[in-house]
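Down below is the structure, laid out as structure tokens.
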Amino acid sequence: MEESLEASRSLILDMLMISWGVITAVLVVLVVYRGTLSSKEDDQIFIDAAEQHHYQEQLVIIDRISRLTRPIIALSVMSGALLLASVGVWIYQAFKSF
């Protein structure tokens with residue numbers, strides 16, 4: 001009985017750590033993508049009517065960056081929560097083994 005309980009605790013910790021790794025990897029990809037988009041964004045644009053397409057391209061880039069903000073915040077919160085839960089389970093297991 002105690003062995004199955006120990007195995008389930010180990011499985012819980014493994015699943016938490018795998019989930020944290022996947023969420024954090026997706027978060028890193030999104031942050032890098034946003035950084036790539038930000039490098040293409042110009043702070044000021046001085047264009048005439050003939051170069052209006054540059055203005056439209058900048059609006060598209062700004063829209064993409066804006067749409068990435070919420071998923072990045074959500075993934076950051078989820079990553080932090082999973083990390084804290086993993087640490088909590090790990091500490092709990094450490095105290096139970098004494």
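Residues are referred to by chain and number: the chain letter is A, B, ... according to the order shown in the structure tokens, the number counts from 1 in that chain, and ligands are numbered separately from 1 in the order shown.
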
- Query: Any idea what's packed within 12 Å of Asp14 in chain A, counting only C-alpha atoms, ignoring anything in its chain fewer than 2 positions away? Could you give it as a list in words?
  - Reply: Ala7, Ser8, Arg9, Ser10, Leu11, Ile12, Leu16, Met17, Ile18, Ser19, Trp20, Gly21, Leu82, Leu83, Ala85, Ser86, Val87, Val89 and Trp90 of chain A

- Item | Near-Arg64 in chain A list (8 Å; only C-alpha atoms; drop same-chain fewer than 4 positions) as number ranges by chain | A: 37, 60, 68

Keeping only N, CA and C atoms, write the selected residues as an mmCIF file, in the first residue's frame.
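Final output, saved to again-v5.cif:
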```cif
data_model
loop_
_atom_site.group_PDB
_atom_site.id
_atom_site.type_symbol
_atom_site.label_atom_id
_atom_site.label_comp_id
_atom_site.auth_asym_id
_atom_site.auth_seq_id
_atom_site.Cartn_x
_atom_site.Cartn_y
_atom_site.Cartn_z
ATOM 1 N N LEU A 37 9.544 40.020 -33.715
ATOM 2 C CA LEU A 37 8.610 41.002 -34.267
ATOM 3 C C LEU A 37 8.963 42.416 -33.820
ATOM 4 N N VAL A 60 0.387 45.780 -38.971
ATOM 5 C CA VAL A 60 0.254 44.331 -38.827
ATOM 6 C C VAL A 60 1.211 43.822 -37.750
ATOM 7 N N LEU A 68 0.039 38.859 -28.769
ATOM 8 C CA LEU A 68 0.886 37.917 -28.028
ATOM 9 C C LEU A 68 0.946 38.221 -26.535
#
```

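Using only C-alpha atoms, the residues found no farther than 12 Å from Ser39 in chain A, other than those of its own chain fewer than 3 positions away, are Val32, Tyr33, Arg34, Gly35, Thr36, Asp42, Asp43, Gln58, Ile61, Ile62 and Ile65 of chain A.
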
Those same residues, written as a PDB file, in the first residue's frame with C-alpha atoms?
```pdb
ATOM      1  CA  VAL A  32      11.479  34.944 -28.760  1.00  0.00           C
ATOM      2  CA  TYR A  33       8.879  35.381 -31.516  1.00  0.00           C
ATOM      3  CA  ARG A  34       7.671  38.611 -29.936  1.00  0.00           C
ATOM      4  CA  GLY A  35      11.259  39.817 -29.730  1.00  0.00           C
ATOM      5  CA  THR A  36      11.746  39.042 -33.404  1.00  0.00           C
ATOM      6  CA  ASP A  42       9.935  51.030 -36.194  1.00  0.00           C
ATOM      7  CA  ASP A  43       9.493  53.696 -33.519  1.00  0.00           C
ATOM      8  CA  GLN A  58       3.932  48.243 -39.277  1.00  0.00           C
ATOM      9  CA  ILE A  61       3.426  43.905 -36.743  1.00  0.00           C
ATOM     10  CA  ILE A  62       2.001  45.997 -33.904  1.00  0.00           C
ATOM     11  CA  ILE A  65       2.768  41.943 -30.844  1.00  0.00           C
TER      12      ILE A  65
END
```

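Distance-wise, CA of Leu84 in chain A and CA of Leu27 in chain A end up 16.7 Å apart.
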
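When only C-alpha atoms are used to compute distances to Val26 in chain A, the closest of the residues A:Ser76, A:Ala81, A:Leu13, A:Ser38 turns out to be A:Ser76.
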